[in-house]
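To keep things clear, I will list the structure first and then write my remarks on it.
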Amino acid sequence: MTISAKPSPEPAAAAPHGRPVGPRDIVAAGLCIGCGSCVAQSGAPDAAMRWDRYGQLKPSGGGWRKRPSAGFTRTCPFSPGARGEDELALLQFPTARHADPQVGRFEAAYVGHVAEAGFRADGSSGGMVSWVAAELLRRGLVDGVAHVTAVREPQREQRFFRYTISRTEADVRAGAKSRYYPIELSAMLETIRSTPGRYAVVGIPCFIKAVNLLRLEDDIFRERIAFTLGLFCGHMKSARFVESFALQMGVDPAAIAGVDFREKNPDRPANWYTAQLTLSDGSVHRKDWWHLVDGDWGSGFFQNAACNFCDDVVAETADISFGDAWVEPYSSDGRGTNVVVVRSPALNRLLSEAATEGRLDLREVDGDFVGQTQAAGFRQRREGLSYRLRLRRFPFRLRKRVFDDPPPIELRRRLVYRLRGNISAWSHRVFGLARGTGLPFLYLGWARAALTLYHGLVYSRDRCGYVFDLLLGRREARRRQDRDG
């Protein structure tokens, strides 16, 4: 969807104390997601996105990072002066049929999969992301699709994935599957700026927000980025996640030639993830996520710190967004099922026509259903966010859609949020120590202990869970006794 008019920047909130912020301010506050939009608009010859010591991408270069600017303040997705998701969605989708407190503004929502041959089998889920991207190319609605693909020589490029612009259906389909790995937008945006045409951009919520903020500022991006395809998101992982896979599979990270985070098996439930590493000698190593010390997604190992302060789960500013249908009976179907939220009327018509033709197998659902499929993510990014904002102090006020004075949160949930935050922060540090000293047991031992504690608190597992249940149950009983007199 093209934004047809350039709104005045005045409605965006002012930066702290009336001053704009710069990339260094966002990085120092722990709010840089590594999207690279600042590099794309910097104009500085030395501006680049580079790996930090924890395997996350951060802006680097000379003085440009230190200079606050009004443009950066309006376009960084985590800036206190950038437009929020609600405001962006209202600008882009003013006639949306539905407005949901969790899902945002939308035309329609669906659950289902691609019936057209190949897409569902080749994707991590129901194949809908690749199908929509390919269909936009087939219909001539775009000339290229910007999406994340595997690099050919990961050891030479020092990364496993990057953004690519695909111009054929075959290339789009070759880029299917989930990538839990840091990537950034700067080179892709420079290609769009320098190469006329119409483009679709696929990305996680904060990246789509960054793209839409740039479209408001820059005539070229507004003209050339025709559609945005969002991906539901739990959080961003660091590059160390792959290294941890290698460590636990007994392989040398320098020998990895390819990574599949979610090997598909139609004979197993969709939420039974299996990681697969392909080495340069052609050998393949696999391990189920539940046998990995950091394989419980909700525990937050290797999470980017900025994800603790994001409140968009379903890419509310994208023209269409996609996630996994994590409710029964769909989560048990190993073939994969998508939940889809459509905000663009044009894309909704495209899906309806394809469903009528039998190319898609879709059932319309409501916002509540979408919320149920992502219940844990919404709890972490709404209730959990309100709690984290009470604990953390920033040099500026963040614009988040949670209560300034949130309702009380039970003690066990507060402990979960605190433990998850500590696991996220310390996994980077402890893995870095193990990596630097060449002593992997330092990380593995710590991670096993952290995961045991997390499972005991969240799922009441094993002796640790028994202790938590006993202590927290006694505390709750005392509270009831005191309340009842």
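We name chains A, B, ... following the order of the structure tokens; residues begin at 1 in each chain, and ligands are numbered from 1 as shown.
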
Contacts of A:Arg193 at 9 Å (only C-alpha atoms; same-chain gap of 5+ positions) as a VMD selection string: chain A and resid 188 220 to 221 224

Residues flagged helix (DSSP H, G or I) by DSSP in stretch 21-209 of chain A, as a PyMOL selection string: chain A and resi 23-28+37-42+63-65+70-75+85-92+119-122+128-138+154-157+169-174+186-194+205-209

Distance in Å - atom CA of A:Cys307 versus atom CA of A:Met236: 6.9 Å

A:Val132, A:Ala210, A:Leu398, A:Ala40 ranked by distance to A:Arg74, top pick (using only C-alpha atoms):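 Residue with the minimum atom-to-atom distance to A:Arg74: A:Ala210.
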
Show me, as an mmCIF file with all heavy atoms, in the first residue's frame, the residues that have an atom within 9 Å of stretch 194-205 of chain A when counting only C-alpha atoms, minus same-chain residues fewer than 5 positions from it.
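Result file follows (part.cif):
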data_model
loop_
_atom_site.group_PDB
_atom_site.id
_atom_site.type_symbol
_atom_site.label_atom_id
_atom_site.label_comp_id
_atom_site.auth_asym_id
_atom_site.auth_seq_id
_atom_site.Cartn_x
_atom_site.Cartn_y
_atom_site.Cartn_z
ATOM 1 N N VAL A 129 3.361 -16.670 3.284
ATOM 2 C CA VAL A 129 4.249 -15.530 3.040
ATOM 3 C C VAL A 129 4.829 -15.615 1.634
ATOM 4 O O VAL A 129 4.759 -14.656 0.848
ATOM 5 C CB VAL A 129 5.384 -15.465 4.082
ATOM 6 C CG1 VAL A 129 6.239 -14.224 3.851
ATOM 7 C CG2 VAL A 129 4.829 -15.475 5.492
ATOM 8 N N ALA A 133 4.008 -13.144 -1.724
ATOM 9 C CA ALA A 133 5.117 -12.473 -2.397
ATOM 10 C C ALA A 133 5.203 -12.896 -3.855
ATOM 11 O O ALA A 133 5.375 -12.056 -4.760
ATOM 12 C CB ALA A 133 6.424 -12.778 -1.672
ATOM 13 N N LEU A 136 2.296 -11.405 -5.959
ATOM 14 C CA LEU A 136 2.509 -9.998 -6.303
ATOM 15 C C LEU A 136 3.405 -9.877 -7.534
ATOM 16 O O LEU A 136 3.181 -9.020 -8.398
ATOM 17 C CB LEU A 136 3.134 -9.259 -5.118
ATOM 18 C CG LEU A 136 2.233 -9.052 -3.898
ATOM 19 C CD1 LEU A 136 3.026 -8.438 -2.745
ATOM 20 C CD2 LEU A 136 1.033 -8.168 -4.242
ATOM 21 N N LEU A 141 2.305 -6.631 -9.818
ATOM 22 C CA LEU A 141 2.063 -5.562 -8.853
ATOM 23 C C LEU A 141 3.362 -5.043 -8.245
ATOM 24 O O LEU A 141 3.399 -3.927 -7.722
ATOM 25 C CB LEU A 141 1.127 -6.056 -7.751
ATOM 26 C CG LEU A 141 -0.283 -6.445 -8.217
ATOM 27 C CD1 LEU A 141 -1.076 -7.071 -7.083
ATOM 28 C CD2 LEU A 141 -1.010 -5.222 -8.769
ATOM 29 N N VAL A 142 4.424 -5.852 -8.277
ATOM 30 C CA VAL A 142 5.746 -5.418 -7.849
ATOM 31 C C VAL A 142 6.776 -5.970 -8.822
ATOM 32 O O VAL A 142 6.530 -6.959 -9.533
ATOM 33 C CB VAL A 142 6.086 -5.884 -6.409
ATOM 34 C CG1 VAL A 142 5.124 -5.298 -5.398
ATOM 35 C CG2 VAL A 142 6.123 -7.405 -6.306
ATOM 36 N N ASP A 143 7.945 -5.323 -8.834
ATOM 37 C CA ASP A 143 9.059 -5.779 -9.664
ATOM 38 C C ASP A 143 10.075 -6.580 -8.863
ATOM 39 O O ASP A 143 10.909 -7.284 -9.447
ATOM 40 C CB ASP A 143 9.768 -4.570 -10.288
ATOM 41 C CG ASP A 143 8.818 -3.697 -11.084
ATOM 42 O OD1 ASP A 143 8.267 -4.194 -12.073
ATOM 43 O OD2 ASP A 143 8.619 -2.528 -10.689
ATOM 44 N N GLY A 144 10.028 -6.449 -7.544
ATOM 45 C CA GLY A 144 10.959 -7.183 -6.707
ATOM 46 C C GLY A 144 10.414 -7.347 -5.306
ATOM 47 O O GLY A 144 9.592 -6.544 -4.842
ATOM 48 N N VAL A 145 10.879 -8.390 -4.632
ATOM 49 C CA VAL A 145 10.475 -8.679 -3.248
ATOM 50 C C VAL A 145 11.728 -8.690 -2.387
ATOM 51 O O VAL A 145 12.654 -9.482 -2.626
ATOM 52 C CB VAL A 145 9.753 -10.031 -3.138
ATOM 53 C CG1 VAL A 145 9.436 -10.351 -1.684
ATOM 54 C CG2 VAL A 145 8.478 -10.030 -3.974
ATOM 55 N N ALA A 146 11.774 -7.815 -1.393
ATOM 56 C CA ALA A 146 12.892 -7.764 -0.453
ATOM 57 C C ALA A 146 12.587 -8.687 0.713
ATOM 58 O O ALA A 146 11.634 -8.457 1.459
ATOM 59 C CB ALA A 146 13.114 -6.336 0.029
ATOM 60 N N HIS A 147 13.371 -9.731 0.858
ATOM 61 C CA HIS A 147 13.153 -10.710 1.926
ATOM 62 C C HIS A 147 14.492 -11.292 2.355
ATOM 63 O O HIS A 147 15.519 -11.054 1.723
ATOM 64 C CB HIS A 147 12.185 -11.812 1.472
ATOM 65 C CG HIS A 147 12.669 -12.609 0.286
ATOM 66 N ND1 HIS A 147 12.542 -13.971 0.200
ATOM 67 C CD2 HIS A 147 13.283 -12.230 -0.866
ATOM 68 C CE1 HIS A 147 13.043 -14.413 -0.944
ATOM 69 N NE2 HIS A 147 13.500 -13.369 -1.611
ATOM 70 N N VAL A 148 14.482 -12.050 3.441
ATOM 71 C CA VAL A 148 15.716 -12.580 4.014
ATOM 72 C C VAL A 148 16.002 -13.952 3.421
ATOM 73 O O VAL A 148 15.132 -14.832 3.409
ATOM 74 C CB VAL A 148 15.609 -12.666 5.547
ATOM 75 C CG1 VAL A 148 16.883 -13.281 6.142
ATOM 76 C CG2 VAL A 148 15.363 -11.288 6.138
ATOM 77 N N ILE A 165 16.853 -8.925 -2.770
ATOM 78 C CA ILE A 165 15.691 -8.551 -3.571
ATOM 79 C C ILE A 165 15.528 -9.587 -4.676
ATOM 80 O O ILE A 165 16.373 -9.717 -5.568
ATOM 81 C CB ILE A 165 15.832 -7.136 -4.159
ATOM 82 C CG1 ILE A 165 15.862 -6.116 -3.013
ATOM 83 C CG2 ILE A 165 14.684 -6.838 -5.122
ATOM 84 C CD1 ILE A 165 15.962 -4.678 -3.456
ATOM 85 N N LEU A 189 17.697 -1.172 1.298
ATOM 86 C CA LEU A 189 17.086 0.145 1.084
ATOM 87 C C LEU A 189 17.879 0.969 0.081
ATOM 88 O O LEU A 189 17.304 1.707 -0.725
ATOM 89 C CB LEU A 189 16.979 0.887 2.417
ATOM 90 C CG LEU A 189 15.937 0.345 3.402
ATOM 91 C CD1 LEU A 189 16.079 1.011 4.759
ATOM 92 C CD2 LEU A 189 14.522 0.524 2.870
ATOM 93 N N ALA A 210 9.945 0.646 10.748
ATOM 94 C CA ALA A 210 11.040 1.486 10.268
ATOM 95 C C ALA A 210 10.849 1.843 8.801
ATOM 96 O O ALA A 210 11.061 3.000 8.392
ATOM 97 C CB ALA A 210 12.376 0.761 10.473
ATOM 98 N N VAL A 211 10.452 0.882 8.001
ATOM 99 C CA VAL A 211 10.212 1.134 6.574
ATOM 100 C C VAL A 211 9.095 2.154 6.392
ATOM 101 O O VAL A 211 9.205 3.096 5.582
ATOM 102 C CB VAL A 211 9.881 -0.183 5.847
ATOM 103 C CG1 VAL A 211 9.298 0.084 4.454
ATOM 104 C CG2 VAL A 211 11.125 -1.059 5.749
ATOM 105 N N ILE A 220 11.097 8.885 -2.434
ATOM 106 C CA ILE A 220 11.491 7.719 -3.226
ATOM 107 C C ILE A 220 10.969 6.436 -2.598
ATOM 108 O O ILE A 220 10.389 5.579 -3.270
ATOM 109 C CB ILE A 220 13.023 7.674 -3.385
ATOM 110 C CG1 ILE A 220 13.487 8.828 -4.262
ATOM 111 C CG2 ILE A 220 13.462 6.336 -3.984
ATOM 112 C CD1 ILE A 220 14.993 8.894 -4.439
ATOM 113 N N GLU A 223 7.215 6.130 -2.984
ATOM 114 C CA GLU A 223 6.795 5.780 -4.335
ATOM 115 C C GLU A 223 7.110 4.336 -4.689
ATOM 116 O O GLU A 223 6.312 3.657 -5.337
ATOM 117 C CB GLU A 223 7.496 6.711 -5.333
ATOM 118 C CG GLU A 223 7.231 6.375 -6.795
ATOM 119 C CD GLU A 223 8.083 7.205 -7.734
ATOM 120 O OE1 GLU A 223 8.597 8.255 -7.308
ATOM 121 O OE2 GLU A 223 8.238 6.789 -8.900
ATOM 122 N N ARG A 224 8.264 3.856 -4.244
ATOM 123 C CA ARG A 224 8.745 2.557 -4.731
ATOM 124 C C ARG A 224 8.363 1.379 -3.851
ATOM 125 O O ARG A 224 8.285 0.253 -4.343
ATOM 126 C CB ARG A 224 10.277 2.606 -4.907
ATOM 127 C CG ARG A 224 10.671 3.584 -6.006
ATOM 128 C CD ARG A 224 12.173 3.648 -6.216
ATOM 129 N NE ARG A 224 12.482 4.634 -7.246
ATOM 130 C CZ ARG A 224 13.704 5.002 -7.589
ATOM 131 N NH1 ARG A 224 14.751 4.462 -6.964
ATOM 132 N NH2 ARG A 224 13.886 5.917 -8.528
ATOM 133 N N ILE A 225 8.167 1.579 -2.557
ATOM 134 C CA ILE A 225 7.748 0.462 -1.696
ATOM 135 C C ILE A 225 6.234 0.392 -1.726
ATOM 136 O O ILE A 225 5.533 1.187 -1.104
ATOM 137 C CB ILE A 225 8.284 0.632 -0.264
ATOM 138 C CG1 ILE A 225 9.820 0.647 -0.276
ATOM 139 C CG2 ILE A 225 7.772 -0.500 0.634
ATOM 140 C CD1 ILE A 225 10.459 0.873 1.072
ATOM 141 N N ALA A 226 5.732 -0.555 -2.501
ATOM 142 C CA ALA A 226 4.293 -0.634 -2.766
ATOM 143 C C ALA A 226 3.549 -1.443 -1.720
ATOM 144 O O ALA A 226 2.381 -1.156 -1.425
ATOM 145 C CB ALA A 226 4.067 -1.248 -4.148
ATOM 146 N N PHE A 227 4.186 -2.473 -1.150
ATOM 147 C CA PHE A 227 3.524 -3.345 -0.177
ATOM 148 C C PHE A 227 4.512 -3.732 0.921
ATOM 149 O O PHE A 227 5.716 -3.894 0.671
ATOM 150 C CB PHE A 227 3.001 -4.625 -0.833
ATOM 151 C CG PHE A 227 1.924 -4.404 -1.856
ATOM 152 C CD1 PHE A 227 2.247 -4.332 -3.201
ATOM 153 C CD2 PHE A 227 0.604 -4.247 -1.468
ATOM 154 C CE1 PHE A 227 1.254 -4.124 -4.154
ATOM 155 C CE2 PHE A 227 -0.391 -4.033 -2.401
ATOM 156 C CZ PHE A 227 -0.067 -3.971 -3.747
ATOM 157 N N THR A 228 4.000 -3.901 2.113
ATOM 158 C CA THR A 228 4.792 -4.421 3.224
ATOM 159 C C THR A 228 4.136 -5.687 3.749
ATOM 160 O O THR A 228 2.927 -5.727 3.994
ATOM 161 C CB THR A 228 4.916 -3.385 4.363
ATOM 162 O OG1 THR A 228 3.615 -2.923 4.731
ATOM 163 C CG2 THR A 228 5.772 -2.212 3.926
ATOM 164 N N LEU A 229 4.929 -6.740 3.921
ATOM 165 C CA LEU A 229 4.463 -8.040 4.388
ATOM 166 C C LEU A 229 5.118 -8.304 5.740
ATOM 167 O O LEU A 229 6.342 -8.468 5.828
ATOM 168 C CB LEU A 229 4.844 -9.139 3.395
ATOM 169 C CG LEU A 229 4.011 -9.298 2.121
ATOM 170 C CD1 LEU A 229 4.004 -8.042 1.273
ATOM 171 C CD2 LEU A 229 4.536 -10.476 1.281
ATOM 172 N N GLY A 230 4.317 -8.308 6.803
ATOM 173 C CA GLY A 230 4.845 -8.434 8.149
ATOM 174 C C GLY A 230 4.830 -9.869 8.663
ATOM 175 O O GLY A 230 4.013 -10.690 8.239
ATOM 176 N N LEU A 231 5.731 -10.152 9.573
ATOM 177 C CA LEU A 231 5.834 -11.464 10.215
ATOM 178 C C LEU A 231 5.586 -11.305 11.707
ATOM 179 O O LEU A 231 6.203 -10.460 12.350
ATOM 180 C CB LEU A 231 7.234 -12.051 9.990
ATOM 181 C CG LEU A 231 7.734 -12.090 8.545
ATOM 182 C CD1 LEU A 231 9.195 -12.523 8.508
ATOM 183 C CD2 LEU A 231 6.870 -13.018 7.702
ATOM 184 N N PHE A 232 4.667 -12.101 12.260
ATOM 185 C CA PHE A 232 4.475 -12.084 13.706
ATOM 186 C C PHE A 232 5.826 -12.379 14.373
ATOM 187 O O PHE A 232 6.636 -13.150 13.855
ATOM 188 C CB PHE A 232 3.474 -13.148 14.141
ATOM 189 C CG PHE A 232 2.059 -12.919 13.692
ATOM 190 C CD1 PHE A 232 1.721 -11.952 12.759
ATOM 191 C CD2 PHE A 232 1.040 -13.707 14.207
ATOM 192 C CE1 PHE A 232 0.404 -11.762 12.356
ATOM 193 C CE2 PHE A 232 -0.280 -13.534 13.813
ATOM 194 C CZ PHE A 232 -0.599 -12.558 12.883
ATOM 195 N N CYS A 233 6.053 -11.776 15.534
ATOM 196 C CA CYS A 233 7.393 -11.882 16.121
ATOM 197 C C CYS A 233 7.321 -12.054 17.627
ATOM 198 O O CYS A 233 6.555 -11.356 18.304
ATOM 199 C CB CYS A 233 8.199 -10.630 15.770
ATOM 200 S SG CYS A 233 9.882 -10.623 16.417
ATOM 201 N N MET A 236 13.847 -11.008 18.662
ATOM 202 C CA MET A 236 14.996 -11.192 17.789
ATOM 203 C C MET A 236 16.109 -11.898 18.560
ATOM 204 O O MET A 236 16.408 -11.545 19.702
ATOM 205 C CB MET A 236 15.488 -9.830 17.292
ATOM 206 C CG MET A 236 16.790 -9.868 16.507
ATOM 207 S SD MET A 236 16.548 -10.316 14.789
ATOM 208 C CE MET A 236 16.112 -8.713 14.114
ATOM 209 N N ASP A 312 4.384 -4.543 19.701
ATOM 210 C CA ASP A 312 3.738 -4.988 18.456
ATOM 211 C C ASP A 312 4.103 -6.442 18.203
ATOM 212 O O ASP A 312 5.253 -6.768 17.918
ATOM 213 C CB ASP A 312 4.199 -4.106 17.294
ATOM 214 C CG ASP A 312 3.481 -4.421 15.988
ATOM 215 O OD1 ASP A 312 2.658 -5.363 15.963
ATOM 216 O OD2 ASP A 312 3.748 -3.719 14.993
ATOM 217 N N VAL A 313 3.134 -7.326 18.307
ATOM 218 C CA VAL A 313 3.350 -8.754 18.072
ATOM 219 C C VAL A 313 3.066 -9.124 16.627
ATOM 220 O O VAL A 313 3.737 -9.971 16.043
ATOM 221 C CB VAL A 313 2.456 -9.594 19.012
ATOM 222 C CG1 VAL A 313 2.575 -11.086 18.704
ATOM 223 C CG2 VAL A 313 2.791 -9.315 20.465
ATOM 224 N N VAL A 314 2.058 -8.488 16.008
ATOM 225 C CA VAL A 314 1.507 -8.965 14.734
ATOM 226 C C VAL A 314 1.789 -8.022 13.564
ATOM 227 O O VAL A 314 1.098 -8.080 12.556
ATOM 228 C CB VAL A 314 -0.006 -9.228 14.860
ATOM 229 C CG1 VAL A 314 -0.279 -10.323 15.872
ATOM 230 C CG2 VAL A 314 -0.764 -7.954 15.230
ATOM 231 N N ALA A 315 2.812 -7.180 13.661
ATOM 232 C CA ALA A 315 3.172 -6.263 12.578
ATOM 233 C C ALA A 315 1.967 -5.414 12.165
ATOM 234 O O ALA A 315 1.487 -5.479 11.039
ATOM 235 C CB ALA A 315 3.739 -7.021 11.382
ATOM 236 N N GLU A 316 1.512 -4.582 13.089
ATOM 237 C CA GLU A 316 0.270 -3.825 12.913
ATOM 238 C C GLU A 316 0.335 -2.772 11.812
ATOM 239 O O GLU A 316 -0.704 -2.273 11.380
ATOM 240 C CB GLU A 316 -0.111 -3.151 14.234
ATOM 241 C CG GLU A 316 -0.442 -4.125 15.346
ATOM 242 C CD GLU A 316 -0.703 -3.403 16.657
ATOM 243 O OE1 GLU A 316 -1.444 -2.407 16.647
ATOM 244 O OE2 GLU A 316 -0.147 -3.820 17.682
ATOM 245 N N THR A 317 1.537 -2.397 11.367
ATOM 246 C CA THR A 317 1.634 -1.378 10.320
ATOM 247 C C THR A 317 1.879 -1.974 8.943
ATOM 248 O O THR A 317 2.070 -1.239 7.971
ATOM 249 C CB THR A 317 2.751 -0.361 10.642
ATOM 250 O OG1 THR A 317 4.033 -0.983 10.502
ATOM 251 C CG2 THR A 317 2.593 0.193 12.050
ATOM 252 N N ALA A 318 1.874 -3.310 8.832
ATOM 253 C CA ALA A 318 2.080 -3.968 7.541
ATOM 254 C C ALA A 318 0.761 -4.094 6.789
ATOM 255 O O ALA A 318 -0.315 -4.209 7.392
ATOM 256 C CB ALA A 318 2.699 -5.347 7.745
ATOM 257 N N SER A 321 0.015 -9.414 7.350
ATOM 258 C CA SER A 321 0.992 -10.038 8.241
ATOM 259 C C SER A 321 0.605 -11.482 8.504
ATOM 260 O O SER A 321 -0.570 -11.869 8.399
ATOM 261 C CB SER A 321 1.147 -9.251 9.542
ATOM 262 O OG SER A 321 -0.086 -9.050 10.184
#

Pick from A:Ser79, A:Arg414, A:Cys38, A:Val340, whichever lies nearest to A:Ala187 using only C-alpha atoms: A:Cys38

Given only C-alpha atoms as the counted atoms, nearest of A:Gln102, A:His235, A:Leu439, A:Pro407 to A:Asn304: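 Closest residue, counting only C-alpha atoms: A:His235.
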
d(atom CA of A:Leu411, atom CA of A:Leu31) in Å: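 Computing the Euclidean distance for atom CA of A:Leu411 and atom CA of A:Leu31 yields 26.8 Å.
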
Option closest in space to A:Ser352, from A:Glu217, A:Asp368, A:Glu107, A:Glu190 [counting only C-alpha atoms]: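 Checking each candidate against A:Ser352, we get A:Glu107 as the closest.
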
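Across A:Ala255, A:Arg179, A:Gly62, A:Phe241, the tightest approach to A:Gly432 is made by A:Phe241 when counting only C-alpha atoms.
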
Pairwise distance for atom CA of A:Ala134 and atom CA of A:Arg262, rounded to one decimal in Å: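 Distance reported for this atom pair: 21.7 Å.
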
Backbone-only DSSP, strand (DSSP E or B) members of stretch 130-247 of chain A, as a count of residues only: 26

A:Val339, A:Ala29, A:Leu451, A:Leu350 ranked by distance to A:Val365, top pick (using only C-alpha atoms):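 Residue with the minimum atom-to-atom distance to A:Val365: A:Val339.
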
Surrounding residues of A:Ile183 excluding itself and chain neighbours under 3 positions, 9 Å, only C-alpha atoms, as a PyMOL selection string: chain A and resi 34-36+56-57+148+159+161-163

Please produce a file of those selected residues containing all heavy atoms, as an mmCIF file, in the first residue's frame.
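As written to disk, out.cif reads:
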data_model
loop_
_atom_site.group_PDB
_atom_site.id
_atom_site.type_symbol
_atom_site.label_atom_id
_atom_site.label_comp_id
_atom_site.auth_asym_id
_atom_site.auth_seq_id
_atom_site.Cartn_x
_atom_site.Cartn_y
_atom_site.Cartn_z
ATOM 1 N N GLY A 34 18.855 -2.973 15.634
ATOM 2 C CA GLY A 34 19.793 -3.318 14.571
ATOM 3 C C GLY A 34 19.182 -3.339 13.188
ATOM 4 O O GLY A 34 19.688 -4.033 12.299
ATOM 5 N N CYS A 35 18.120 -2.548 12.954
ATOM 6 C CA CYS A 35 17.436 -2.598 11.657
ATOM 7 C C CYS A 35 18.229 -1.941 10.536
ATOM 8 O O CYS A 35 18.043 -2.264 9.359
ATOM 9 C CB CYS A 35 16.053 -1.966 11.750
ATOM 10 S SG CYS A 35 16.057 -0.171 11.995
ATOM 11 N N GLY A 36 19.106 -0.975 10.856
ATOM 12 C CA GLY A 36 19.931 -0.337 9.845
ATOM 13 C C GLY A 36 19.287 0.811 9.112
ATOM 14 O O GLY A 36 19.888 1.355 8.176
ATOM 15 N N GLN A 56 25.249 -9.136 17.798
ATOM 16 C CA GLN A 56 24.119 -8.342 17.357
ATOM 17 C C GLN A 56 24.618 -7.212 16.457
ATOM 18 O O GLN A 56 25.739 -6.716 16.630
ATOM 19 C CB GLN A 56 23.370 -7.764 18.555
ATOM 20 C CG GLN A 56 22.855 -8.845 19.493
ATOM 21 C CD GLN A 56 22.020 -8.285 20.621
ATOM 22 O OE1 GLN A 56 20.848 -7.992 20.463
ATOM 23 N NE2 GLN A 56 22.632 -8.134 21.785
ATOM 24 N N LEU A 57 23.791 -6.800 15.508
ATOM 25 C CA LEU A 57 24.171 -5.754 14.568
ATOM 26 C C LEU A 57 23.868 -4.385 15.166
ATOM 27 O O LEU A 57 22.767 -4.143 15.651
ATOM 28 C CB LEU A 57 23.433 -5.933 13.242
ATOM 29 C CG LEU A 57 23.872 -7.157 12.428
ATOM 30 C CD1 LEU A 57 22.872 -7.454 11.311
ATOM 31 C CD2 LEU A 57 25.261 -6.938 11.847
ATOM 32 N N VAL A 148 14.482 -12.050 3.441
ATOM 33 C CA VAL A 148 15.716 -12.580 4.014
ATOM 34 C C VAL A 148 16.002 -13.952 3.421
ATOM 35 O O VAL A 148 15.132 -14.832 3.409
ATOM 36 C CB VAL A 148 15.609 -12.666 5.547
ATOM 37 C CG1 VAL A 148 16.883 -13.281 6.142
ATOM 38 C CG2 VAL A 148 15.363 -11.288 6.138
ATOM 39 N N ARG A 159 28.203 -14.134 8.105
ATOM 40 C CA ARG A 159 26.789 -14.144 8.467
ATOM 41 C C ARG A 159 26.121 -15.267 7.682
ATOM 42 O O ARG A 159 26.632 -15.711 6.653
ATOM 43 C CB ARG A 159 26.129 -12.805 8.172
ATOM 44 C CG ARG A 159 25.982 -12.440 6.709
ATOM 45 C CD ARG A 159 25.572 -10.989 6.539
ATOM 46 N NE ARG A 159 26.594 -10.101 7.033
ATOM 47 C CZ ARG A 159 26.341 -8.882 7.540
ATOM 48 N NH1 ARG A 159 25.100 -8.429 7.620
ATOM 49 N NH2 ARG A 159 27.326 -8.118 7.960
ATOM 50 N N PHE A 161 22.592 -15.120 6.949
ATOM 51 C CA PHE A 161 21.415 -14.603 6.241
ATOM 52 C C PHE A 161 21.569 -13.108 6.003
ATOM 53 O O PHE A 161 22.238 -12.406 6.759
ATOM 54 C CB PHE A 161 20.139 -14.866 7.055
ATOM 55 C CG PHE A 161 19.929 -16.313 7.412
ATOM 56 C CD1 PHE A 161 20.340 -16.806 8.648
ATOM 57 C CD2 PHE A 161 19.324 -17.178 6.519
ATOM 58 C CE1 PHE A 161 20.165 -18.133 8.983
ATOM 59 C CE2 PHE A 161 19.148 -18.515 6.841
ATOM 60 C CZ PHE A 161 19.562 -18.992 8.069
ATOM 61 N N ARG A 162 20.923 -12.622 4.955
ATOM 62 C CA ARG A 162 20.864 -11.198 4.681
ATOM 63 C C ARG A 162 19.648 -10.903 3.805
ATOM 64 O O ARG A 162 19.046 -11.820 3.232
ATOM 65 C CB ARG A 162 22.133 -10.713 3.984
ATOM 66 C CG ARG A 162 22.348 -11.244 2.592
ATOM 67 C CD ARG A 162 23.386 -10.418 1.824
ATOM 68 N NE ARG A 162 24.719 -10.451 2.395
ATOM 69 C CZ ARG A 162 25.291 -9.399 2.959
ATOM 70 N NH1 ARG A 162 24.646 -8.236 3.021
ATOM 71 N NH2 ARG A 162 26.517 -9.479 3.448
ATOM 72 N N TYR A 163 19.288 -9.631 3.715
ATOM 73 C CA TYR A 163 18.203 -9.238 2.824
ATOM 74 C C TYR A 163 18.645 -9.353 1.374
ATOM 75 O O TYR A 163 19.769 -8.991 1.009
ATOM 76 C CB TYR A 163 17.762 -7.799 3.109
ATOM 77 C CG TYR A 163 16.542 -7.714 3.992
ATOM 78 C CD1 TYR A 163 16.676 -7.449 5.345
ATOM 79 C CD2 TYR A 163 15.264 -7.913 3.468
ATOM 80 C CE1 TYR A 163 15.558 -7.371 6.170
ATOM 81 C CE2 TYR A 163 14.144 -7.837 4.282
ATOM 82 C CZ TYR A 163 14.292 -7.568 5.626
ATOM 83 O OH TYR A 163 13.177 -7.507 6.435
#

Residue contacts of stretch 109-126 of chain A (7 Å, only C-alpha atoms) excluding same-chain residues fewer than 2 positions away, as a PyMOL selection string: chain A and resi 128+130-131+176-178+262+264+324+335-342+358-366
